[in-house]
$ cat structure_27.txt   # compact mmCIF, C-alpha atoms
# COMPACT_ATOMS: atom_id res chain seq x y z
CA MET A 1 39.12 50.04 72.54
CA LYS A 2 36.89 46.96 72.65
CA THR A 3 33.36 47.37 73.98
CA TRP A 4 33.88 44.89 76.88
CA LYS A 5 36.94 46.84 78.02
CA ILE A 6 35.00 50.07 78.01
CA LYS A 7 32.26 48.43 80.07
CA VAL A 8 34.77 47.05 82.58
CA LEU A 9 36.48 50.43 82.93
CA ALA A 10 33.13 52.14 83.34
CA SER A 11 32.11 49.65 86.04
CA LEU A 12 35.38 50.18 87.89
CA LEU A 13 34.96 53.94 87.70
CA LEU A 14 31.43 53.75 89.06
CA ALA A 15 32.56 51.45 91.88
CA ALA A 16 35.42 53.77 92.79
CA THR A 17 33.08 56.76 92.76
CA ALA A 18 30.59 54.93 94.98
CA CYS A 19 33.34 53.95 97.43
CA ALA A 20 34.64 57.50 97.54
CA ALA A 21 31.16 58.80 98.26
CA THR A 22 30.63 56.21 101.00
CA ALA A 23 33.98 57.04 102.58
CA GLN A 24 32.89 60.63 103.04
CA SER A 25 29.29 60.04 104.11
CA MET A 26 29.40 58.69 107.68
CA LEU A 27 28.18 61.96 109.20
CA GLU A 28 25.41 62.20 106.61
CA ASP A 29 24.46 58.56 107.23
CA ILE A 30 24.20 59.19 110.98
CA GLN A 31 22.07 62.26 110.42
CA LYS A 32 19.86 60.40 107.96
CA SER A 33 19.36 57.28 110.09
CA ARG A 34 19.17 59.33 113.30
CA GLN A 35 21.21 56.76 115.18
CA ILE A 36 24.88 56.28 116.00
CA ARG A 37 26.55 53.09 117.24
CA ILE A 38 28.98 53.97 120.02
CA ALA A 39 31.47 51.57 121.61
CA VAL A 40 31.44 52.04 125.40
CA PRO A 41 32.99 50.24 128.39
CA THR A 42 30.82 48.35 130.88
CA ASP A 43 33.64 46.88 132.98
CA PHE A 44 35.59 50.02 133.86
CA ALA A 45 34.01 52.07 136.62
CA PRO A 46 33.60 55.00 136.89
CA TYR A 47 33.93 55.44 133.11
CA GLY A 48 31.53 52.61 132.27
CA PHE A 49 29.75 49.92 134.28
CA VAL A 50 26.30 48.37 134.75
CA ASP A 51 24.13 49.28 137.73
CA ALA A 52 21.83 47.05 139.82
CA ASP A 53 19.23 47.26 137.04
CA MET A 54 21.83 46.17 134.46
CA GLN A 55 21.79 49.60 132.87
CA PRO A 56 25.08 51.15 131.63
CA LYS A 57 26.32 54.08 133.69
CA GLY A 58 29.47 56.17 133.89
CA LEU A 59 31.35 59.11 132.43
CA ASP A 60 31.78 57.52 129.00
CA ILE A 61 28.11 56.54 128.90
CA ASP A 62 27.07 60.12 129.67
CA MET A 63 29.54 61.38 127.07
CA ALA A 64 28.14 59.00 124.45
CA ASN A 65 24.59 60.16 125.14
CA LEU A 66 25.67 63.81 125.01
CA VAL A 67 27.36 63.33 121.62
CA ALA A 68 24.37 61.47 120.20
CA ALA A 69 21.95 64.16 121.41
CA LYS A 70 24.04 66.92 119.84
CA LEU A 71 24.05 64.97 116.56
CA GLY A 72 20.27 64.61 116.75
CA ALA A 73 20.66 60.84 116.85
CA LYS A 74 19.78 57.91 119.10
CA ALA A 75 22.78 56.41 120.90
CA VAL A 76 23.09 52.66 120.28
CA LEU A 77 25.54 51.65 123.00
CA VAL A 78 27.78 48.68 122.16
CA PRO A 79 29.75 47.19 125.10
CA VAL A 80 33.42 46.59 124.29
CA THR A 81 36.64 45.60 126.02
CA SER A 82 40.03 47.27 125.74
CA ALA A 83 41.13 44.54 123.32
CA ASN A 84 38.22 44.67 120.86
CA ARG A 85 37.18 48.34 120.78
CA ILE A 86 39.48 49.28 117.85
CA PRO A 87 38.72 46.07 115.87
CA TYR A 88 35.01 46.87 116.29
CA LEU A 89 35.66 50.26 114.72
CA GLN A 90 37.74 48.80 111.90
CA THR A 91 35.11 46.18 111.05
CA HIS A 92 32.26 48.74 111.13
CA LYS A 93 30.49 47.19 114.13
CA VAL A 94 30.47 50.68 115.66
CA ASP A 95 30.66 54.20 114.26
CA ILE A 96 32.78 55.76 117.02
CA VAL A 97 34.55 54.69 120.22
CA ILE A 98 34.00 56.45 123.56
CA SER A 99 35.73 53.94 125.81
CA THR A 100 38.71 55.37 127.76
CA LEU A 101 40.67 55.45 124.51
CA GLY A 102 44.13 57.02 124.76
CA LYS A 103 46.02 58.36 121.75
CA ASN A 104 49.43 57.11 120.63
CA ALA A 105 51.42 56.82 117.40
CA GLU A 106 50.50 53.17 116.78
CA ARG A 107 46.78 53.77 117.15
CA GLU A 108 46.93 56.87 114.96
CA LYS A 109 47.97 54.62 112.07
CA VAL A 110 44.56 52.94 112.05
CA VAL A 111 42.21 55.31 113.93
CA ASP A 112 41.52 59.04 113.88
CA PHE A 113 40.97 60.97 117.10
CA THR A 114 38.99 63.98 118.19
CA ALA A 115 40.09 66.42 120.87
CA ALA A 116 40.24 64.94 124.39
CA TYR A 117 37.08 64.89 126.48
CA SER A 118 38.23 63.67 129.93
CA PRO A 119 41.36 63.11 132.03
CA PHE A 120 42.84 59.66 132.65
CA PHE A 121 45.79 58.54 134.74
CA ILE A 122 47.47 55.12 134.66
CA GLY A 123 49.58 53.75 137.49
CA VAL A 124 50.81 50.68 139.34
CA PHE A 125 49.16 49.74 142.63
CA GLY A 126 49.93 47.18 145.29
CA PRO A 127 50.14 46.39 149.02
CA ARG A 128 51.59 49.06 151.29
CA ALA A 129 54.10 46.54 152.62
CA MET A 130 55.62 46.03 149.16
CA ALA A 131 58.38 48.50 148.26
CA VAL A 132 57.77 49.55 144.66
CA LYS A 133 58.67 53.02 143.41
CA GLY A 134 59.38 52.48 139.71
CA GLY A 135 59.80 50.03 136.86
CA PRO A 136 63.01 48.39 138.15
CA ASP A 137 61.21 47.44 141.39
CA LEU A 138 58.83 45.22 139.39
CA ALA A 139 61.61 42.67 138.89
CA GLY A 140 60.51 39.21 139.99
CA LYS A 141 56.94 40.34 140.69
CA SER A 142 53.62 39.48 139.04
CA ILE A 143 51.49 42.34 137.73
CA GLY A 144 47.93 42.07 136.47
CA VAL A 145 46.94 44.16 133.45
CA THR A 146 44.16 44.25 130.85
CA ARG A 147 45.25 42.93 127.46
CA GLY A 148 45.52 45.53 124.69
CA SER A 149 44.90 48.49 126.98
CA MET A 150 47.05 51.59 127.35
CA ASP A 151 47.95 50.16 130.78
CA ASP A 152 49.38 47.08 129.03
CA MET A 153 51.38 49.14 126.53
CA GLU A 154 52.89 51.42 129.17
CA LEU A 155 53.60 48.63 131.66
CA SER A 156 55.39 46.64 128.94
CA LYS A 157 57.75 49.58 128.39
CA VAL A 158 59.03 49.68 131.98
CA ALA A 159 58.66 46.13 133.29
CA PRO A 160 62.00 44.24 133.47
CA SER A 161 62.27 40.82 131.80
CA SER A 162 62.03 39.04 135.15
CA ALA A 163 58.60 40.54 135.87
CA THR A 164 55.54 38.40 135.12
CA LEU A 165 52.83 40.32 133.28
CA ARG A 166 49.54 38.46 133.63
CA ARG A 167 47.16 39.72 130.97
CA PHE A 168 43.40 39.42 131.35
CA GLU A 169 40.71 39.97 128.73
CA ASP A 170 38.76 42.68 130.56
CA ASN A 171 39.17 45.06 133.47
CA ASN A 172 36.84 43.21 135.82
CA SER A 173 38.97 40.08 135.46
CA THR A 174 42.18 42.08 136.01
CA ILE A 175 40.89 43.66 139.22
CA ALA A 176 39.32 40.41 140.45
CA ALA A 177 42.61 38.55 139.97
CA PHE A 178 44.51 41.11 142.04
CA ALA A 179 41.83 41.15 144.76
CA ALA A 180 42.00 37.34 144.91
CA GLY A 181 45.78 37.39 145.33
CA GLN A 182 46.52 35.93 141.89
CA THR A 183 48.88 38.84 141.15
CA GLN A 184 51.05 40.86 143.52
CA LEU A 185 50.43 44.19 141.79
CA VAL A 186 48.00 45.67 139.29
CA ALA A 187 48.39 48.26 136.54
CA THR A 188 45.24 50.28 135.97
CA SER A 189 43.80 53.78 136.09
CA VAL A 190 43.82 55.83 139.27
CA GLN A 191 40.03 56.02 139.12
CA VAL A 192 39.56 52.24 138.85
CA ALA A 193 42.12 51.66 141.60
CA ASP A 194 40.22 54.09 143.81
CA VAL A 195 37.08 51.93 143.49
CA LEU A 196 39.18 48.81 144.13
CA MET A 197 40.66 50.28 147.32
CA LYS A 198 37.28 51.46 148.63
CA ASN A 199 35.68 48.07 148.00
CA ASN A 200 38.61 46.06 149.39
CA PRO A 201 40.13 47.96 152.34
CA GLN A 202 41.55 44.71 153.74
CA LEU A 203 44.04 44.58 150.87
CA ASN A 204 45.81 47.72 152.08
CA THR A 205 46.42 48.76 148.49
CA GLU A 206 48.21 51.99 147.67
CA PHE A 207 49.42 53.94 144.64
CA LYS A 208 53.02 53.03 143.71
CA PHE A 209 53.99 55.07 140.64
CA VAL A 210 52.60 56.72 137.50
CA LEU A 211 52.84 54.90 134.19
CA LYS A 212 51.25 57.59 132.04
CA VAL A 213 49.00 60.63 132.06
CA SER A 214 46.75 59.80 129.11
CA PRO A 215 43.56 61.81 128.43
CA ASN A 216 40.63 60.09 126.75
CA PHE A 217 39.74 60.81 123.12
CA ILE A 218 36.88 59.79 120.85
CA GLY A 219 38.07 57.35 118.18
CA LEU A 220 36.59 57.22 114.69
CA PRO A 221 37.47 55.63 111.33
CA LYS A 222 40.31 57.12 109.31
CA ASN A 223 39.52 59.96 106.91
CA GLU A 224 36.02 60.72 108.22
CA ASP A 225 36.92 64.39 108.34
CA LYS A 226 33.36 65.75 108.36
CA LEU A 227 32.42 63.59 111.32
CA ARG A 228 35.60 64.45 113.19
CA ALA A 229 35.05 68.18 112.64
CA ARG A 230 31.46 67.91 113.90
CA LEU A 231 32.55 65.93 116.98
CA ASN A 232 35.26 68.49 117.73
CA ASP A 233 32.67 71.26 117.49
CA ILE A 234 30.49 69.38 120.01
CA LEU A 235 33.44 68.92 122.38
CA ALA A 236 34.53 72.56 122.07
CA ALA A 237 31.02 73.74 122.91
CA ALA A 238 30.79 71.31 125.85
CA LYS A 239 34.13 72.53 127.15
CA ALA A 240 33.12 76.19 126.83
CA SER A 241 29.77 75.61 128.55
CA GLY A 242 31.32 73.69 131.42
CA GLU A 243 29.61 70.38 130.49
CA LEU A 244 32.93 68.50 130.33
CA ASP A 245 33.90 69.79 133.77
CA LYS A 246 30.50 68.79 135.16
CA LEU A 247 30.80 65.23 133.80
CA SER A 248 34.31 64.88 135.17
CA GLN A 249 33.27 66.29 138.55
CA LYS A 250 30.29 63.92 138.69
CA TRP A 251 32.27 60.75 138.02
CA LEU A 252 35.89 61.52 138.94
CA GLY A 253 35.44 64.04 141.73
CA ARG A 254 37.44 66.70 139.90
CA PRO A 255 36.91 68.98 136.88
CA ALA A 256 38.29 67.98 133.49
CA GLY A 257 40.63 70.97 133.48
CA GLU A 258 42.88 71.64 130.50
CA LEU A 259 42.72 68.92 127.87
CA PRO A 260 44.68 68.55 124.60
CA GLU A 261 42.92 69.36 121.35
$ encode --input "structure_27.txt" --output "structure tokens"
Amino acid sequence: MKTWKIKVLASLLLAATACAATAQSMLEDIQKSRQIRIAVPTDFAPYGFVDADMQPKGLDIDMANLVAAKLGAKAVLVPVTSANRIPYLQTHKVDIVISTLGKNAEREKVVDFTAAYSPFFIGVFGPRAMAVKGGPDLAGKSIGVTRGSMDDMELSKVAPSSATLRRFEDNNSTIAAFAAGQTQLVATSVQVADVLMKNNPQLNTEFKFVLKVSPNFIGLPKNEDKLRARLNDILAAAKASGELDKLSQKWLGRPAGELPE
């Protein structure tokens, strides 16, 4: 074999070996750098929002800080929307996602998941005077929903062709549009709707029907098995110690209860 071919093959082998090592070293990199970039929501109370001092607060923020502390790392919180949280993970802008991320078959093709860490319920909400009990009743009506969210995916499954799905880029915009009368109904989580109803009693909003019971999971890049195992250990310990129940009680007013692993 010619010398240049041997050199090319050797270079390719070294590159492949380096890539393989990198693909398995995220946990080690986090431990070495002592920091972890975590995608979190800041437009989705009570899971993530900013307070009067513009500081991030919420269940997912507390969860992110808990995970970072257990890893012995500083949490670098990166605000994301429902639409860009997975792309941020795929393009290495963040290491993990703790942002009301539900698990489904499509997402599992591109993202790995840990065990669940908190409950999450999605439903349709609207004025008491409007008779809506299921998907067929959405015919001819406009429904606000956040683009790329689990709410969007589940609403799309049941909404008839005559329904108008108005998609917004973030949850604040979705809720604001409904509150302003730009949509007749809104698809969102029970927790977010609860805040909406408390802040806008004049709208006479009520729960209409469930779209999906969808617990939240931590998302991480595919094939980072060491990191996933460590995160699952952290979650199992937090569940056993009651920390998950305490976080859920603090922000949702109810314990986390049984969650899928």
$ closest_atom_pairs --input "structure_27.txt" --of "stretch 123-168 of chain A" --to "stretch 177-201 of chain A" --cutoff "7 Å" --atoms "all atoms listed in the file" --output "Markdown table"
| residue | atom | partner | partner_atom | distance |
| --- | --- | --- | --- | --- |
| A:Gly123 | CA | A:Ala187 | CA | 5.7 |
| A:Val124 | CA | A:Ala187 | CA | 4.4 |
| A:Phe125 | CA | A:Val186 | CA | 5.4 |
| A:Gly126 | CA | A:Leu185 | CA | 4.6 |
| A:Lys141 | CA | A:Gln184 | CA | 6.6 |
| A:Ser142 | CA | A:Thr183 | CA | 5.2 |
| A:Ile143 | CA | A:Leu185 | CA | 4.6 |
| A:Gly144 | CA | A:Val186 | CA | 4.6 |
| A:Val145 | CA | A:Ala187 | CA | 5.3 |
| A:Asp151 | CA | A:Thr188 | CA | 5.9 |
$ atom_distance --input "structure_27.txt" --atom1 "atom CA of A:Gly219" --atom2 "atom CA of A:Leu71"
16.0 Å
$ closest_residue --input "structure_27.txt" --among "A:Thr146, A:Ser118, A:Ser99, A:Ser156" --to "A:Ala39" --atoms "all atoms listed in the file"
A:Ser99
$ residues_around --input "structure_27.txt" --residues "A:Ala115" --least-positions-apart "3" --cutoff "9 Å" --atoms "only C-alpha atoms" --output "PyMOL selection string"
chain A and resi 216-218+231-232+235-236+259-261
$ atom_distance --input "structure_27.txt" --atom1 "atom CA of A:Leu27" --atom2 "atom CA of A:Pro56"
25.1 Å
$ atom_distance --input "structure_27.txt" --atom1 "atom CA of A:Val210" --atom2 "atom CA of A:Phe121"
7.6 Å
$ residues_around --input "structure_27.txt" --residues "A:Thr91" --least-positions-apart "4" --cutoff "12 Å" --atoms "only C-alpha atoms" --output "PyMOL selection string"
chain A and resi 84-87+95-96+110-111+220-221
$ closest_residue --input "structure_27.txt" --among "A:Thr114, A:Asn65, A:Ser25, A:Thr205" --to "A:Ile38" --atoms "all atoms listed in the file"
A:Asn65
$ closest_residue --input "structure_27.txt" --among "A:Thr42, A:Gln202, A:Gly140, A:Gly134" --to "A:Thr164" --atoms "all atoms listed in the file"
A:Gly140
$ residues_around --input "structure_27.txt" --residues "A:Pro119" --least-positions-apart "3" --cutoff "8 Å" --atoms "all atoms listed in the file" --output "PDB file with C-alpha atoms, in the frame of the given file"
ATOM      1  CA  ALA A 116      40.240  64.940 124.390  1.00  0.00           C
ATOM      2  CA  SER A 214      46.750  59.800 129.110  1.00  0.00           C
ATOM      3  CA  PRO A 215      43.560  61.810 128.430  1.00  0.00           C
ATOM      4  CA  ASN A 216      40.630  60.090 126.750  1.00  0.00           C
ATOM      5  CA  SER A 248      34.310  64.880 135.170  1.00  0.00           C
ATOM      6  CA  ALA A 256      38.290  67.980 133.490  1.00  0.00           C
ATOM      7  CA  LEU A 259      42.720  68.920 127.870  1.00  0.00           C
TER       8      LEU A 259
END
$ residues_around --input "structure_27.txt" --residues "A:Trp251" --least-positions-apart "6" --cutoff "9 Å" --atoms "all atoms listed in the file" --output "ChimeraX atom specification"
/A:45-47,58-59
$ write_last_selection --input "structure_27.txt" --atoms "C-alpha atoms" --output "PDB file, in the coordinates of the input"
ATOM      1  CA  ALA A  45      34.010  52.070 136.620  1.00  0.00           C
ATOM      2  CA  PRO A  46      33.600  55.000 136.890  1.00  0.00           C
ATOM      3  CA  TYR A  47      33.930  55.440 133.110  1.00  0.00           C
ATOM      4  CA  GLY A  58      29.470  56.170 133.890  1.00  0.00           C
ATOM      5  CA  LEU A  59      31.350  59.110 132.430  1.00  0.00           C
TER       6      LEU A  59
END
$ build_atoms --input "structure_27.txt" --residues "stretch 154-165 of chain A" --atoms "all heavy atoms" --output "PDB file, in the coordinates of the input"
ATOM      1  N   GLU A 154      51.962  50.654 128.341  1.00  0.00           N
ATOM      2  CA  GLU A 154      52.890  51.420 129.170  1.00  0.00           C
ATOM      3  C   GLU A 154      53.633  50.538 130.163  1.00  0.00           C
ATOM      4  O   GLU A 154      54.832  50.737 130.412  1.00  0.00           O
ATOM      5  CB  GLU A 154      52.144  52.538 129.900  1.00  0.00           C
ATOM      6  CG  GLU A 154      51.557  53.589 128.980  1.00  0.00           C
ATOM      7  CD  GLU A 154      52.596  54.246 128.085  1.00  0.00           C
ATOM      8  OE1 GLU A 154      53.712  54.532 128.563  1.00  0.00           O
ATOM      9  OE2 GLU A 154      52.294  54.468 126.895  1.00  0.00           O
ATOM     10  N   LEU A 155      52.953  49.561 130.726  1.00  0.00           N
ATOM     11  CA  LEU A 155      53.600  48.630 131.660  1.00  0.00           C
ATOM     12  C   LEU A 155      54.689  47.841 130.947  1.00  0.00           C
ATOM     13  O   LEU A 155      55.782  47.627 131.489  1.00  0.00           O
ATOM     14  CB  LEU A 155      52.568  47.686 132.259  1.00  0.00           C
ATOM     15  CG  LEU A 155      53.103  46.629 133.240  1.00  0.00           C
ATOM     16  CD1 LEU A 155      53.706  47.300 134.473  1.00  0.00           C
ATOM     17  CD2 LEU A 155      51.986  45.665 133.634  1.00  0.00           C
ATOM     18  N   SER A 156      54.411  47.419 129.713  1.00  0.00           N
ATOM     19  CA  SER A 156      55.390  46.640 128.940  1.00  0.00           C
ATOM     20  C   SER A 156      56.673  47.411 128.687  1.00  0.00           C
ATOM     21  O   SER A 156      57.740  46.815 128.536  1.00  0.00           O
ATOM     22  CB  SER A 156      54.767  46.201 127.604  1.00  0.00           C
ATOM     23  OG  SER A 156      53.633  45.380 127.815  1.00  0.00           O
ATOM     24  N   LYS A 157      56.572  48.747 128.651  1.00  0.00           N
ATOM     25  CA  LYS A 157      57.750  49.580 128.390  1.00  0.00           C
ATOM     26  C   LYS A 157      58.724  49.605 129.573  1.00  0.00           C
ATOM     27  O   LYS A 157      59.927  49.750 129.391  1.00  0.00           O
ATOM     28  CB  LYS A 157      57.327  51.019 128.067  1.00  0.00           C
ATOM     29  CG  LYS A 157      56.585  51.188 126.759  1.00  0.00           C
ATOM     30  CD  LYS A 157      56.158  52.641 126.595  1.00  0.00           C
ATOM     31  CE  LYS A 157      55.345  52.857 125.325  1.00  0.00           C
ATOM     32  NZ  LYS A 157      54.885  54.267 125.193  1.00  0.00           N
ATOM     33  N   VAL A 158      58.180  49.490 130.791  1.00  0.00           N
ATOM     34  CA  VAL A 158      59.030  49.680 131.980  1.00  0.00           C
ATOM     35  C   VAL A 158      59.289  48.403 132.762  1.00  0.00           C
ATOM     36  O   VAL A 158      60.200  48.366 133.593  1.00  0.00           O
ATOM     37  CB  VAL A 158      58.408  50.737 132.927  1.00  0.00           C
ATOM     38  CG1 VAL A 158      58.220  52.059 132.202  1.00  0.00           C
ATOM     39  CG2 VAL A 158      57.089  50.257 133.524  1.00  0.00           C
ATOM     40  N   ALA A 159      58.504  47.360 132.516  1.00  0.00           N
ATOM     41  CA  ALA A 159      58.660  46.130 133.290  1.00  0.00           C
ATOM     42  C   ALA A 159      59.935  45.384 132.872  1.00  0.00           C
ATOM     43  O   ALA A 159      60.145  45.131 131.686  1.00  0.00           O
ATOM     44  CB  ALA A 159      57.450  45.230 133.114  1.00  0.00           C
ATOM     45  N   PRO A 160      60.799  45.014 133.810  1.00  0.00           N
ATOM     46  CA  PRO A 160      62.000  44.240 133.470  1.00  0.00           C
ATOM     47  C   PRO A 160      61.624  42.826 133.021  1.00  0.00           C
ATOM     48  O   PRO A 160      60.505  42.360 133.262  1.00  0.00           O
ATOM     49  CB  PRO A 160      62.791  44.217 134.786  1.00  0.00           C
ATOM     50  CG  PRO A 160      61.796  44.507 135.844  1.00  0.00           C
ATOM     51  CD  PRO A 160      60.731  45.349 135.229  1.00  0.00           C
ATOM     52  N   SER A 161      62.553  42.149 132.367  1.00  0.00           N
ATOM     53  CA  SER A 161      62.270  40.820 131.800  1.00  0.00           C
ATOM     54  C   SER A 161      61.894  39.804 132.863  1.00  0.00           C
ATOM     55  O   SER A 161      61.193  38.819 132.571  1.00  0.00           O
ATOM     56  CB  SER A 161      63.487  40.330 131.011  1.00  0.00           C
ATOM     57  OG  SER A 161      64.631  40.261 131.848  1.00  0.00           O
ATOM     58  N   SER A 162      62.334  40.004 134.094  1.00  0.00           N
ATOM     59  CA  SER A 162      62.030  39.040 135.150  1.00  0.00           C
ATOM     60  C   SER A 162      60.644  39.237 135.757  1.00  0.00           C
ATOM     61  O   SER A 162      60.187  38.420 136.559  1.00  0.00           O
ATOM     62  CB  SER A 162      63.080  39.127 136.268  1.00  0.00           C
ATOM     63  OG  SER A 162      63.043  40.399 136.889  1.00  0.00           O
ATOM     64  N   ALA A 163      59.965  40.318 135.382  1.00  0.00           N
ATOM     65  CA  ALA A 163      58.600  40.540 135.870  1.00  0.00           C
ATOM     66  C   ALA A 163      57.639  39.644 135.095  1.00  0.00           C
ATOM     67  O   ALA A 163      57.843  39.353 133.922  1.00  0.00           O
ATOM     68  CB  ALA A 163      58.207  41.999 135.702  1.00  0.00           C
ATOM     69  N   THR A 164      56.566  39.215 135.769  1.00  0.00           N
ATOM     70  CA  THR A 164      55.540  38.400 135.120  1.00  0.00           C
ATOM     71  C   THR A 164      54.309  39.257 134.885  1.00  0.00           C
ATOM     72  O   THR A 164      53.644  39.674 135.841  1.00  0.00           O
ATOM     73  CB  THR A 164      55.161  37.185 135.993  1.00  0.00           C
ATOM     74  OG1 THR A 164      56.315  36.381 136.208  1.00  0.00           O
ATOM     75  CG2 THR A 164      54.084  36.354 135.311  1.00  0.00           C
ATOM     76  N   LEU A 165      54.013  39.535 133.630  1.00  0.00           N
ATOM     77  CA  LEU A 165      52.830  40.320 133.280  1.00  0.00           C
ATOM     78  C   LEU A 165      51.697  39.348 132.980  1.00  0.00           C
ATOM     79  O   LEU A 165      51.742  38.606 131.990  1.00  0.00           O
ATOM     80  CB  LEU A 165      53.098  41.209 132.067  1.00  0.00           C
ATOM     81  CG  LEU A 165      53.725  42.584 132.335  1.00  0.00           C
ATOM     82  CD1 LEU A 165      55.033  42.451 133.108  1.00  0.00           C
ATOM     83  CD2 LEU A 165      53.952  43.338 131.042  1.00  0.00           C
TER      84      LEU A 165
END
